[in-house]
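J.: Have a peek at input-v5.txt (compact mmCIF, N, CA and C atoms).
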# COMPACT_ATOMS: atom_id res chain seq x y z
N GLN I 1 -11.16 -6.69 -47.51
CA GLN I 1 -12.13 -6.61 -46.44
C GLN I 1 -11.66 -5.61 -45.39
N VAL I 2 -12.53 -4.65 -45.10
CA VAL I 2 -12.21 -3.64 -44.10
C VAL I 2 -12.34 -4.24 -42.71
N GLN I 3 -11.36 -3.97 -41.87
CA GLN I 3 -11.44 -4.38 -40.47
C GLN I 3 -11.67 -3.15 -39.60
N LEU I 4 -12.65 -3.27 -38.73
CA LEU I 4 -12.98 -2.20 -37.79
C LEU I 4 -12.89 -2.78 -36.39
N VAL I 5 -12.07 -2.17 -35.55
CA VAL I 5 -11.85 -2.69 -34.21
C VAL I 5 -12.30 -1.64 -33.20
N GLU I 6 -13.37 -1.96 -32.47
CA GLU I 6 -13.89 -1.05 -31.46
C GLU I 6 -13.25 -1.32 -30.10
N SER I 7 -13.22 -0.30 -29.28
CA SER I 7 -12.77 -0.43 -27.91
C SER I 7 -13.41 0.67 -27.08
N GLY I 8 -13.33 0.51 -25.75
CA GLY I 8 -13.81 1.57 -24.86
C GLY I 8 -15.11 1.29 -24.16
N GLY I 9 -15.76 0.18 -24.48
CA GLY I 9 -17.00 -0.14 -23.80
C GLY I 9 -16.75 -0.56 -22.36
N GLY I 10 -17.84 -0.72 -21.62
CA GLY I 10 -17.71 -1.15 -20.23
C GLY I 10 -18.97 -0.89 -19.45
N LEU I 11 -18.83 -1.00 -18.13
CA LEU I 11 -19.94 -0.79 -17.21
C LEU I 11 -19.78 0.57 -16.55
N VAL I 12 -20.86 1.35 -16.55
CA VAL I 12 -20.81 2.70 -15.97
C VAL I 12 -22.14 2.98 -15.31
N GLN I 13 -22.11 3.82 -14.29
CA GLN I 13 -23.35 4.21 -13.64
C GLN I 13 -24.08 5.28 -14.45
N ALA I 14 -25.37 5.34 -14.26
CA ALA I 14 -26.16 6.38 -14.93
C ALA I 14 -25.59 7.75 -14.61
N GLY I 15 -25.50 8.58 -15.64
CA GLY I 15 -24.91 9.90 -15.49
C GLY I 15 -23.43 9.94 -15.83
N GLY I 16 -22.84 8.78 -15.97
CA GLY I 16 -21.42 8.71 -16.27
C GLY I 16 -21.11 8.88 -17.75
N SER I 17 -19.82 8.70 -18.07
CA SER I 17 -19.34 8.90 -19.45
C SER I 17 -18.45 7.74 -19.89
N LEU I 18 -18.44 7.52 -21.18
CA LEU I 18 -17.53 6.58 -21.82
C LEU I 18 -17.14 7.15 -23.17
N ARG I 19 -15.96 6.78 -23.65
CA ARG I 19 -15.56 7.14 -25.00
C ARG I 19 -15.21 5.87 -25.76
N LEU I 20 -15.93 5.64 -26.83
CA LEU I 20 -15.66 4.51 -27.70
C LEU I 20 -14.71 4.93 -28.82
N SER I 21 -13.88 3.98 -29.22
CA SER I 21 -12.97 4.22 -30.35
C SER I 21 -13.15 3.11 -31.37
N CYS I 22 -12.92 3.46 -32.62
CA CYS I 22 -12.99 2.47 -33.70
C CYS I 22 -11.84 2.74 -34.65
N GLU I 23 -10.92 1.81 -34.73
CA GLU I 23 -9.79 1.94 -35.64
C GLU I 23 -10.05 1.12 -36.89
N ALA I 24 -9.85 1.76 -38.04
CA ALA I 24 -10.15 1.11 -39.32
C ALA I 24 -8.88 0.76 -40.07
N SER I 25 -8.94 -0.35 -40.81
CA SER I 25 -7.77 -0.79 -41.56
C SER I 25 -7.74 -0.22 -42.97
N THR I 26 -8.86 0.30 -43.44
CA THR I 26 -8.96 0.74 -44.83
C THR I 26 -8.14 1.99 -45.12
N ARG I 27 -7.51 2.00 -46.29
CA ARG I 27 -6.72 3.16 -46.70
C ARG I 27 -7.61 4.31 -47.14
N THR I 28 -8.89 3.99 -47.39
CA THR I 28 -9.82 5.03 -47.83
C THR I 28 -10.56 5.67 -46.66
N PHE I 29 -10.11 5.38 -45.44
CA PHE I 29 -10.80 5.90 -44.26
C PHE I 29 -10.99 7.41 -44.35
N SER I 30 -9.97 8.12 -44.77
CA SER I 30 -10.01 9.58 -44.73
C SER I 30 -10.98 10.20 -45.72
N ILE I 31 -11.51 9.40 -46.66
CA ILE I 31 -12.46 9.95 -47.63
C ILE I 31 -13.84 9.32 -47.48
N ASN I 32 -14.03 8.51 -46.45
CA ASN I 32 -15.31 7.86 -46.20
C ASN I 32 -16.02 8.45 -44.99
N ALA I 33 -17.34 8.57 -45.10
CA ALA I 33 -18.13 8.82 -43.90
C ALA I 33 -18.02 7.60 -42.99
N MET I 34 -18.32 7.80 -41.71
CA MET I 34 -18.30 6.70 -40.74
C MET I 34 -19.51 6.84 -39.82
N GLY I 35 -19.86 5.73 -39.18
CA GLY I 35 -21.02 5.80 -38.31
C GLY I 35 -20.93 4.87 -37.12
N TRP I 36 -21.83 5.09 -36.17
CA TRP I 36 -22.00 4.22 -35.01
C TRP I 36 -23.48 3.80 -34.95
N PHE I 37 -23.68 2.51 -34.68
CA PHE I 37 -25.00 1.96 -34.45
C PHE I 37 -24.98 1.23 -33.12
N ARG I 38 -26.15 0.86 -32.62
CA ARG I 38 -26.20 0.05 -31.40
C ARG I 38 -27.38 -0.91 -31.48
N GLN I 39 -27.24 -1.98 -30.70
CA GLN I 39 -28.30 -2.99 -30.67
C GLN I 39 -28.47 -3.48 -29.24
N ALA I 40 -29.65 -3.27 -28.72
CA ALA I 40 -30.00 -3.73 -27.38
C ALA I 40 -30.64 -5.12 -27.50
N PRO I 41 -30.60 -5.90 -26.44
CA PRO I 41 -31.19 -7.25 -26.48
C PRO I 41 -32.66 -7.22 -26.91
N GLY I 42 -33.00 -8.04 -27.89
CA GLY I 42 -34.36 -8.13 -28.35
C GLY I 42 -34.82 -7.00 -29.25
N LYS I 43 -33.89 -6.12 -29.59
CA LYS I 43 -34.26 -4.98 -30.44
C LYS I 43 -33.44 -4.97 -31.73
N GLU I 44 -33.91 -4.22 -32.71
CA GLU I 44 -33.18 -4.10 -33.96
C GLU I 44 -32.00 -3.14 -33.79
N ARG I 45 -31.03 -3.31 -34.66
CA ARG I 45 -29.88 -2.41 -34.66
C ARG I 45 -30.36 -1.01 -35.09
N GLU I 46 -29.92 -0.01 -34.36
CA GLU I 46 -30.37 1.34 -34.64
C GLU I 46 -29.21 2.32 -34.79
N PHE I 47 -29.46 3.34 -35.57
CA PHE I 47 -28.48 4.39 -35.81
C PHE I 47 -28.24 5.20 -34.55
N VAL I 48 -26.97 5.57 -34.34
CA VAL I 48 -26.60 6.42 -33.21
C VAL I 48 -26.04 7.75 -33.72
N ALA I 49 -25.00 7.68 -34.56
CA ALA I 49 -24.36 8.91 -35.03
C ALA I 49 -23.56 8.61 -36.28
N SER I 50 -23.34 9.64 -37.10
CA SER I 50 -22.49 9.50 -38.28
C SER I 50 -21.74 10.81 -38.50
N ILE I 51 -20.66 10.69 -39.27
CA ILE I 51 -19.79 11.84 -39.50
C ILE I 51 -19.25 11.79 -40.92
N SER I 52 -19.14 12.95 -41.55
CA SER I 52 -18.60 13.02 -42.91
C SER I 52 -17.09 12.79 -42.90
N TRP I 53 -16.52 12.62 -44.08
CA TRP I 53 -15.09 12.32 -44.18
C TRP I 53 -14.23 13.42 -43.56
N SER I 54 -14.69 14.66 -43.66
CA SER I 54 -13.92 15.78 -43.13
C SER I 54 -14.22 16.08 -41.67
N GLY I 55 -15.31 15.50 -41.18
CA GLY I 55 -15.75 15.83 -39.83
C GLY I 55 -16.64 17.05 -39.79
N GLY I 56 -16.89 17.65 -40.94
CA GLY I 56 -17.66 18.88 -40.98
C GLY I 56 -19.15 18.70 -40.82
N SER I 57 -19.64 17.50 -41.08
CA SER I 57 -21.07 17.21 -40.93
C SER I 57 -21.26 16.03 -40.01
N THR I 58 -22.16 16.17 -39.07
CA THR I 58 -22.48 15.09 -38.15
C THR I 58 -24.00 14.96 -38.02
N TYR I 59 -24.42 13.74 -37.74
CA TYR I 59 -25.84 13.46 -37.55
C TYR I 59 -25.99 12.59 -36.32
N TYR I 60 -27.10 12.78 -35.60
CA TYR I 60 -27.33 12.03 -34.37
C TYR I 60 -28.79 11.57 -34.31
N ALA I 61 -28.97 10.41 -33.67
CA ALA I 61 -30.32 9.98 -33.34
C ALA I 61 -30.88 10.95 -32.29
N ASP I 62 -32.17 11.17 -32.34
CA ASP I 62 -32.78 12.09 -31.39
C ASP I 62 -32.53 11.67 -29.94
N SER I 63 -32.44 10.37 -29.72
CA SER I 63 -32.29 9.85 -28.36
C SER I 63 -30.94 10.17 -27.74
N VAL I 64 -29.95 10.52 -28.56
CA VAL I 64 -28.61 10.79 -28.02
C VAL I 64 -28.15 12.22 -28.26
N LYS I 65 -28.94 12.98 -29.00
CA LYS I 65 -28.56 14.34 -29.34
C LYS I 65 -28.34 15.17 -28.08
N GLY I 66 -27.22 15.88 -28.04
CA GLY I 66 -26.89 16.70 -26.89
C GLY I 66 -26.10 15.97 -25.83
N ARG I 67 -26.03 14.64 -25.93
CA ARG I 67 -25.29 13.84 -24.95
C ARG I 67 -24.08 13.13 -25.57
N PHE I 68 -24.21 12.73 -26.83
CA PHE I 68 -23.13 12.02 -27.52
C PHE I 68 -22.48 12.93 -28.55
N THR I 69 -21.19 12.71 -28.77
CA THR I 69 -20.46 13.46 -29.79
C THR I 69 -19.59 12.52 -30.60
N ILE I 70 -19.76 12.55 -31.92
CA ILE I 70 -18.92 11.74 -32.80
C ILE I 70 -17.81 12.63 -33.35
N SER I 71 -16.62 12.06 -33.47
CA SER I 71 -15.49 12.79 -34.02
C SER I 71 -14.56 11.80 -34.70
N ARG I 72 -13.55 12.31 -35.39
CA ARG I 72 -12.63 11.43 -36.09
C ARG I 72 -11.25 12.04 -36.18
N ASP I 73 -10.26 11.15 -36.30
CA ASP I 73 -8.87 11.54 -36.52
C ASP I 73 -8.41 10.77 -37.74
N ASN I 74 -8.38 11.41 -38.88
CA ASN I 74 -8.05 10.70 -40.12
C ASN I 74 -6.61 10.21 -40.14
N ALA I 75 -5.72 10.91 -39.48
CA ALA I 75 -4.32 10.47 -39.43
C ALA I 75 -4.19 9.14 -38.69
N LYS I 76 -5.07 8.92 -37.71
CA LYS I 76 -5.05 7.68 -36.93
C LYS I 76 -6.07 6.66 -37.44
N ARG I 77 -6.82 7.03 -38.50
CA ARG I 77 -7.86 6.14 -39.04
C ARG I 77 -8.80 5.69 -37.92
N THR I 78 -9.20 6.61 -37.10
CA THR I 78 -10.01 6.30 -35.92
C THR I 78 -11.20 7.24 -35.82
N VAL I 79 -12.34 6.66 -35.50
CA VAL I 79 -13.54 7.44 -35.22
C VAL I 79 -13.91 7.20 -33.76
N TYR I 80 -14.41 8.25 -33.11
CA TYR I 80 -14.72 8.20 -31.69
C TYR I 80 -16.20 8.48 -31.44
N LEU I 81 -16.67 7.99 -30.31
CA LEU I 81 -18.01 8.34 -29.85
C LEU I 81 -17.90 8.67 -28.36
N GLN I 82 -17.97 9.95 -28.05
CA GLN I 82 -17.96 10.39 -26.66
C GLN I 82 -19.40 10.37 -26.15
N MET I 83 -19.62 9.62 -25.09
CA MET I 83 -20.98 9.44 -24.56
C MET I 83 -21.02 10.00 -23.14
N ASN I 84 -21.79 11.04 -22.95
CA ASN I 84 -21.96 11.68 -21.64
C ASN I 84 -23.39 11.51 -21.15
N SER I 85 -23.59 11.74 -19.88
CA SER I 85 -24.93 11.66 -19.27
C SER I 85 -25.63 10.36 -19.66
N LEU I 86 -24.90 9.27 -19.53
CA LEU I 86 -25.44 7.99 -19.96
C LEU I 86 -26.65 7.57 -19.13
N LYS I 87 -27.57 6.88 -19.81
CA LYS I 87 -28.81 6.42 -19.21
C LYS I 87 -28.88 4.90 -19.33
N PRO I 88 -29.64 4.24 -18.47
CA PRO I 88 -29.79 2.78 -18.60
C PRO I 88 -30.28 2.36 -19.98
N GLU I 89 -31.09 3.17 -20.62
CA GLU I 89 -31.59 2.82 -21.96
C GLU I 89 -30.52 2.92 -23.05
N ASP I 90 -29.34 3.41 -22.70
CA ASP I 90 -28.22 3.42 -23.65
C ASP I 90 -27.49 2.07 -23.66
N THR I 91 -27.87 1.18 -22.75
CA THR I 91 -27.24 -0.14 -22.69
C THR I 91 -27.46 -0.91 -23.99
N ALA I 92 -26.37 -1.34 -24.61
CA ALA I 92 -26.43 -2.02 -25.90
C ALA I 92 -25.03 -2.42 -26.32
N VAL I 93 -24.96 -3.20 -27.38
CA VAL I 93 -23.69 -3.43 -28.06
C VAL I 93 -23.57 -2.33 -29.13
N TYR I 94 -22.45 -1.64 -29.11
CA TYR I 94 -22.22 -0.54 -30.04
C TYR I 94 -21.30 -1.00 -31.17
N TYR I 95 -21.72 -0.69 -32.40
CA TYR I 95 -20.99 -1.12 -33.59
C TYR I 95 -20.51 0.07 -34.41
N CYS I 96 -19.28 -0.02 -34.83
CA CYS I 96 -18.72 0.92 -35.78
C CYS I 96 -19.13 0.48 -37.18
N ALA I 97 -19.36 1.45 -38.08
CA ALA I 97 -19.85 1.13 -39.41
C ALA I 97 -19.13 1.94 -40.47
N GLU I 98 -18.84 1.27 -41.59
CA GLU I 98 -18.12 1.88 -42.71
C GLU I 98 -18.90 1.63 -43.99
N PRO I 99 -19.04 2.62 -44.87
CA PRO I 99 -19.94 2.48 -46.01
C PRO I 99 -19.36 1.77 -47.22
N GLY I 100 -18.05 1.68 -47.31
CA GLY I 100 -17.44 0.99 -48.45
C GLY I 100 -17.24 1.87 -49.66
N ARG I 101 -17.99 2.96 -49.76
CA ARG I 101 -17.87 3.84 -50.92
C ARG I 101 -17.74 5.29 -50.46
N PRO I 102 -16.81 6.04 -51.01
CA PRO I 102 -16.67 7.45 -50.63
C PRO I 102 -17.90 8.28 -50.97
N SER I 103 -18.71 7.81 -51.91
CA SER I 103 -19.89 8.58 -52.32
C SER I 103 -21.01 8.52 -51.30
N THR I 104 -20.92 7.62 -50.34
CA THR I 104 -21.96 7.53 -49.30
C THR I 104 -21.78 8.66 -48.31
N THR I 105 -22.80 9.45 -48.16
CA THR I 105 -22.71 10.61 -47.27
C THR I 105 -22.98 10.23 -45.82
N ALA I 106 -22.63 11.11 -44.93
CA ALA I 106 -22.92 10.90 -43.52
C ALA I 106 -24.43 10.83 -43.29
N GLN I 107 -25.17 11.59 -44.05
CA GLN I 107 -26.63 11.55 -43.95
C GLN I 107 -27.16 10.18 -44.35
N ALA I 108 -26.60 9.62 -45.41
CA ALA I 108 -27.02 8.30 -45.88
C ALA I 108 -26.63 7.21 -44.90
N MET I 109 -25.60 7.44 -44.11
CA MET I 109 -25.13 6.43 -43.16
C MET I 109 -26.10 6.21 -42.02
N ARG I 110 -27.20 6.92 -41.99
CA ARG I 110 -28.17 6.76 -40.90
C ARG I 110 -28.97 5.48 -41.01
N VAL I 111 -28.87 4.77 -42.13
CA VAL I 111 -29.61 3.52 -42.29
C VAL I 111 -28.64 2.36 -42.46
N PRO I 112 -28.95 1.20 -41.87
CA PRO I 112 -28.02 0.05 -41.93
C PRO I 112 -27.73 -0.43 -43.35
N THR I 113 -28.65 -0.19 -44.28
CA THR I 113 -28.42 -0.64 -45.66
C THR I 113 -27.27 0.10 -46.33
N SER I 114 -26.84 1.21 -45.77
CA SER I 114 -25.69 1.95 -46.32
C SER I 114 -24.36 1.41 -45.83
N VAL I 115 -24.40 0.47 -44.90
CA VAL I 115 -23.18 -0.01 -44.26
C VAL I 115 -22.62 -1.21 -45.02
N ALA I 116 -21.32 -1.15 -45.33
CA ALA I 116 -20.66 -2.26 -46.00
C ALA I 116 -19.89 -3.13 -45.02
N SER I 117 -19.35 -2.53 -43.97
CA SER I 117 -18.55 -3.28 -43.00
C SER I 117 -18.93 -2.87 -41.59
N TRP I 118 -18.98 -3.87 -40.71
CA TRP I 118 -19.27 -3.66 -39.29
C TRP I 118 -18.09 -4.09 -38.44
N GLY I 119 -17.92 -3.43 -37.32
CA GLY I 119 -16.97 -3.90 -36.33
C GLY I 119 -17.57 -5.07 -35.56
N GLN I 120 -16.79 -5.60 -34.63
CA GLN I 120 -17.26 -6.75 -33.85
C GLN I 120 -18.19 -6.35 -32.72
N GLY I 121 -18.23 -5.07 -32.42
CA GLY I 121 -19.10 -4.56 -31.38
C GLY I 121 -18.41 -4.47 -30.03
N THR I 122 -18.84 -3.52 -29.23
CA THR I 122 -18.34 -3.36 -27.87
C THR I 122 -19.53 -3.11 -26.95
N GLN I 123 -19.56 -3.82 -25.83
CA GLN I 123 -20.69 -3.75 -24.92
C GLN I 123 -20.62 -2.51 -24.04
N VAL I 124 -21.73 -1.80 -23.97
CA VAL I 124 -21.87 -0.68 -23.05
C VAL I 124 -23.05 -1.01 -22.13
N THR I 125 -22.79 -1.01 -20.84
CA THR I 125 -23.83 -1.29 -19.86
C THR I 125 -23.92 -0.14 -18.88
N VAL I 126 -25.10 0.43 -18.76
CA VAL I 126 -25.32 1.57 -17.87
C VAL I 126 -26.25 1.11 -16.75
N SER I 127 -25.74 1.16 -15.53
CA SER I 127 -26.54 0.73 -14.38
C SER I 127 -27.29 1.92 -13.78
N SER I 128 -28.46 1.62 -13.22
CA SER I 128 -29.28 2.70 -12.65
C SER I 128 -28.95 2.92 -11.19
Would you encode the structure as structure tokens?

T.:
Amino acid sequence: QVQLVESGGGLVQAGGSLRLSCEASTRTFSINAMGWFRQAPGKEREFVASISWSGGSTYYADSVKGRFTISRDNAKRTVYLQMNSLKPEDTAVYYCAEPGRPSTTAQAMRVPTSVASWGQGTQVTVSS
């Protein structure tokens, strides 16, 4: 069972920044795509960003494009989500996601059905 441990969430004012981190226990981290999703109260879990195993390909939800950046450090088995120009509508629990199979592409990671393992989530609250 893959363990994903997120950190970096918190309370920030609109316009501020946060960086989320997700450390993975899997030895196959360096050959797997990774992703971030979020879930706001009363809403379904939605895709935020994904990244290929090499970091060469990234995908973003339209709502965060230009403000969020996903990156990874394979030596540290860690994926990051840098969030800038935060808005109150970004308030949600953010989840790290791992596909379980190296054949799953970053593009495919845009849907929850591609996810094999989830982190416990980290709360991000943006005040207006």

J.: When DSSP works through the backbone of this structure, what residues of chain I end up as strand (DSSP E or B), shown as a short mmCIF file (atom, residue, chain, number, x, y, z; two decimals) with N, CA and C atoms, in the coordinates of the input?

T.:
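See selection-v5.cif below for the written result:
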data_model
loop_
_atom_site.label_atom_id
_atom_site.label_comp_id
_atom_site.auth_asym_id
_atom_site.auth_seq_id
_atom_site.Cartn_x
_atom_site.Cartn_y
_atom_site.Cartn_z
N LEU I 4 -12.65 -3.27 -38.73
CA LEU I 4 -12.98 -2.20 -37.79
C LEU I 4 -12.89 -2.78 -36.39
N VAL I 5 -12.07 -2.17 -35.55
CA VAL I 5 -11.85 -2.69 -34.21
C VAL I 5 -12.30 -1.64 -33.20
N GLU I 6 -13.37 -1.96 -32.47
CA GLU I 6 -13.89 -1.05 -31.46
C GLU I 6 -13.25 -1.32 -30.10
N SER I 7 -13.22 -0.30 -29.28
CA SER I 7 -12.77 -0.43 -27.91
C SER I 7 -13.41 0.67 -27.08
N GLY I 10 -17.84 -0.72 -21.62
CA GLY I 10 -17.71 -1.15 -20.23
C GLY I 10 -18.97 -0.89 -19.45
N LEU I 11 -18.83 -1.00 -18.13
CA LEU I 11 -19.94 -0.79 -17.21
C LEU I 11 -19.78 0.57 -16.55
N VAL I 12 -20.86 1.35 -16.55
CA VAL I 12 -20.81 2.70 -15.97
C VAL I 12 -22.14 2.98 -15.31
N GLN I 13 -22.11 3.82 -14.29
CA GLN I 13 -23.35 4.21 -13.64
C GLN I 13 -24.08 5.28 -14.45
N LEU I 18 -18.44 7.52 -21.18
CA LEU I 18 -17.53 6.58 -21.82
C LEU I 18 -17.14 7.15 -23.17
N ARG I 19 -15.96 6.78 -23.65
CA ARG I 19 -15.56 7.14 -25.00
C ARG I 19 -15.21 5.87 -25.76
N LEU I 20 -15.93 5.64 -26.83
CA LEU I 20 -15.66 4.51 -27.70
C LEU I 20 -14.71 4.93 -28.82
N SER I 21 -13.88 3.98 -29.22
CA SER I 21 -12.97 4.22 -30.35
C SER I 21 -13.15 3.11 -31.37
N CYS I 22 -12.92 3.46 -32.62
CA CYS I 22 -12.99 2.47 -33.70
C CYS I 22 -11.84 2.74 -34.65
N GLU I 23 -10.92 1.81 -34.73
CA GLU I 23 -9.79 1.94 -35.64
C GLU I 23 -10.05 1.12 -36.89
N ALA I 24 -9.85 1.76 -38.04
CA ALA I 24 -10.15 1.11 -39.32
C ALA I 24 -8.88 0.76 -40.07
N MET I 34 -18.32 7.80 -41.71
CA MET I 34 -18.30 6.70 -40.74
C MET I 34 -19.51 6.84 -39.82
N GLY I 35 -19.86 5.73 -39.18
CA GLY I 35 -21.02 5.80 -38.31
C GLY I 35 -20.93 4.87 -37.12
N TRP I 36 -21.83 5.09 -36.17
CA TRP I 36 -22.00 4.22 -35.01
C TRP I 36 -23.48 3.80 -34.95
N PHE I 37 -23.68 2.51 -34.68
CA PHE I 37 -25.00 1.96 -34.45
C PHE I 37 -24.98 1.23 -33.12
N ARG I 38 -26.15 0.86 -32.62
CA ARG I 38 -26.20 0.05 -31.40
C ARG I 38 -27.38 -0.91 -31.48
N GLN I 39 -27.24 -1.98 -30.70
CA GLN I 39 -28.30 -2.99 -30.67
C GLN I 39 -28.47 -3.48 -29.24
N GLU I 46 -29.92 -0.01 -34.36
CA GLU I 46 -30.37 1.34 -34.64
C GLU I 46 -29.21 2.32 -34.79
N PHE I 47 -29.46 3.34 -35.57
CA PHE I 47 -28.48 4.39 -35.81
C PHE I 47 -28.24 5.20 -34.55
N VAL I 48 -26.97 5.57 -34.34
CA VAL I 48 -26.60 6.42 -33.21
C VAL I 48 -26.04 7.75 -33.72
N ALA I 49 -25.00 7.68 -34.56
CA ALA I 49 -24.36 8.91 -35.03
C ALA I 49 -23.56 8.61 -36.28
N SER I 50 -23.34 9.64 -37.10
CA SER I 50 -22.49 9.50 -38.28
C SER I 50 -21.74 10.81 -38.50
N ILE I 51 -20.66 10.69 -39.27
CA ILE I 51 -19.79 11.84 -39.50
C ILE I 51 -19.25 11.79 -40.92
N THR I 58 -22.16 16.17 -39.07
CA THR I 58 -22.48 15.09 -38.15
C THR I 58 -24.00 14.96 -38.02
N TYR I 59 -24.42 13.74 -37.74
CA TYR I 59 -25.84 13.46 -37.55
C TYR I 59 -25.99 12.59 -36.32
N TYR I 60 -27.10 12.78 -35.60
CA TYR I 60 -27.33 12.03 -34.37
C TYR I 60 -28.79 11.57 -34.31
N PHE I 68 -24.21 12.73 -26.83
CA PHE I 68 -23.13 12.02 -27.52
C PHE I 68 -22.48 12.93 -28.55
N THR I 69 -21.19 12.71 -28.77
CA THR I 69 -20.46 13.46 -29.79
C THR I 69 -19.59 12.52 -30.60
N ILE I 70 -19.76 12.55 -31.92
CA ILE I 70 -18.92 11.74 -32.80
C ILE I 70 -17.81 12.63 -33.35
N SER I 71 -16.62 12.06 -33.47
CA SER I 71 -15.49 12.79 -34.02
C SER I 71 -14.56 11.80 -34.70
N ARG I 72 -13.55 12.31 -35.39
CA ARG I 72 -12.63 11.43 -36.09
C ARG I 72 -11.25 12.04 -36.18
N ASP I 73 -10.26 11.15 -36.30
CA ASP I 73 -8.87 11.54 -36.52
C ASP I 73 -8.41 10.77 -37.74
N THR I 78 -9.20 6.61 -37.10
CA THR I 78 -10.01 6.30 -35.92
C THR I 78 -11.20 7.24 -35.82
N VAL I 79 -12.34 6.66 -35.50
CA VAL I 79 -13.54 7.44 -35.22
C VAL I 79 -13.91 7.20 -33.76
N TYR I 80 -14.41 8.25 -33.11
CA TYR I 80 -14.72 8.20 -31.69
C TYR I 80 -16.20 8.48 -31.44
N LEU I 81 -16.67 7.99 -30.31
CA LEU I 81 -18.01 8.34 -29.85
C LEU I 81 -17.90 8.67 -28.36
N GLN I 82 -17.97 9.95 -28.05
CA GLN I 82 -17.96 10.39 -26.66
C GLN I 82 -19.40 10.37 -26.15
N MET I 83 -19.62 9.62 -25.09
CA MET I 83 -20.98 9.44 -24.56
C MET I 83 -21.02 10.00 -23.14
N ALA I 92 -26.37 -1.34 -24.61
CA ALA I 92 -26.43 -2.02 -25.90
C ALA I 92 -25.03 -2.42 -26.32
N VAL I 93 -24.96 -3.20 -27.38
CA VAL I 93 -23.69 -3.43 -28.06
C VAL I 93 -23.57 -2.33 -29.13
N TYR I 94 -22.45 -1.64 -29.11
CA TYR I 94 -22.22 -0.54 -30.04
C TYR I 94 -21.30 -1.00 -31.17
N TYR I 95 -21.72 -0.69 -32.40
CA TYR I 95 -20.99 -1.12 -33.59
C TYR I 95 -20.51 0.07 -34.41
N CYS I 96 -19.28 -0.02 -34.83
CA CYS I 96 -18.72 0.92 -35.78
C CYS I 96 -19.13 0.48 -37.18
N ALA I 97 -19.36 1.45 -38.08
CA ALA I 97 -19.85 1.13 -39.41
C ALA I 97 -19.13 1.94 -40.47
N GLU I 98 -18.84 1.27 -41.59
CA GLU I 98 -18.12 1.88 -42.71
C GLU I 98 -18.90 1.63 -43.99
N SER I 117 -19.35 -2.53 -43.97
CA SER I 117 -18.55 -3.28 -43.00
C SER I 117 -18.93 -2.87 -41.59
N TRP I 118 -18.98 -3.87 -40.71
CA TRP I 118 -19.27 -3.66 -39.29
C TRP I 118 -18.09 -4.09 -38.44
N THR I 122 -18.84 -3.52 -29.23
CA THR I 122 -18.34 -3.36 -27.87
C THR I 122 -19.53 -3.11 -26.95
N GLN I 123 -19.56 -3.82 -25.83
CA GLN I 123 -20.69 -3.75 -24.92
C GLN I 123 -20.62 -2.51 -24.04
N VAL I 124 -21.73 -1.80 -23.97
CA VAL I 124 -21.87 -0.68 -23.05
C VAL I 124 -23.05 -1.01 -22.13
N THR I 125 -22.79 -1.01 -20.84
CA THR I 125 -23.83 -1.29 -19.86
C THR I 125 -23.92 -0.14 -18.88
N VAL I 126 -25.10 0.43 -18.76
CA VAL I 126 -25.32 1.57 -17.87
C VAL I 126 -26.25 1.11 -16.75
N SER I 127 -25.74 1.16 -15.53
CA SER I 127 -26.54 0.73 -14.38
C SER I 127 -27.29 1.92 -13.78
#

J.: What's the 8 Å shell around Thr104 in chain I, counting all atoms listed in the file, without same-chain residues fewer than 3 positions away, as a list of chain:residue names?

T.: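 My reading of the contact set: I:Ile31, I:Asn32, I:Ala33, I:Met34, I:Ser52, I:Trp53, I:Pro99, I:Gly100, I:Arg101, I:Gln107, I:Ala108, I:Met109, I:Ser114.
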
J.: What's the 6.5 Å shell around range 93-98 of chain I, counting all atoms listed in the file, without same-chain residues fewer than 2 positions away, as a PyMOL selection string?

T.: chain I and resi 6+22+33-41+91+100-101+114-124

J.: Name all residues at most 5 Å from range 67-82 of chain I (count all atoms listed in the file; drop same-chain ones fewer than 5 positions away) and give them as a list in words.

T.: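 The residues that qualify are Leu18, Arg19, Leu20, Ser21, Cys22, Glu23 and Ala24 of chain I.
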
J.: Could you jot down the CA of Asp62 in chain I to atom C of Thr28 in chain I separation for me, Å, one decimal place?

T.: 27.7 Å

J.: In Å, how far is it from CA of Thr26 in chain I to atom C of Glu44 in chain I?

T.: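 It comes out at 25.8 Å.
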
J.: Find the distance between CA of Asn84 in chain I and CA of Ser7 in chain I and write it in Å to one decimal.

T.: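 For CA of Asn84 in chain I relative to CA of Ser7 in chain I, the distance reads 16.4 Å.
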
J.: My list of candidates is I:Pro102, I:Arg110, I:Glu89, I:Val48. Which is closest to Ala14 in chain I when distances are computed with only C-alpha atoms?

T.: I:Glu89

J.: Once DSSP has gone over the backbone, tell me which residues of chain I are in helix (DSSP H, G or I), as a list in words.

T.: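 Checking each residue of chain I, the helix (DSSP H, G or I) ones are Phe29, Ser30, Ile31, Asn74, Ala75, Lys76, Pro88, Glu89, Asp90, Ala108, Met109, Arg110, Pro112, Thr113 and Ser114 of chain I.
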
J.: Residues at most 5 Å from Thr125 in chain I, counting all atoms listed in the file, excluding those fewer than 3 positions away in the same chain, as a VMD selection string?

T.: chain I and resid 10 to 12 91

J.: List the spatial neighbours of Ser17 in chain I as an MDAnalysis selection string - criterion: any atom at most 6 Å away, only N, CA and C atoms, same-chain residues fewer than 3 positions off excluded.

T.: chainID I and resid 83:86
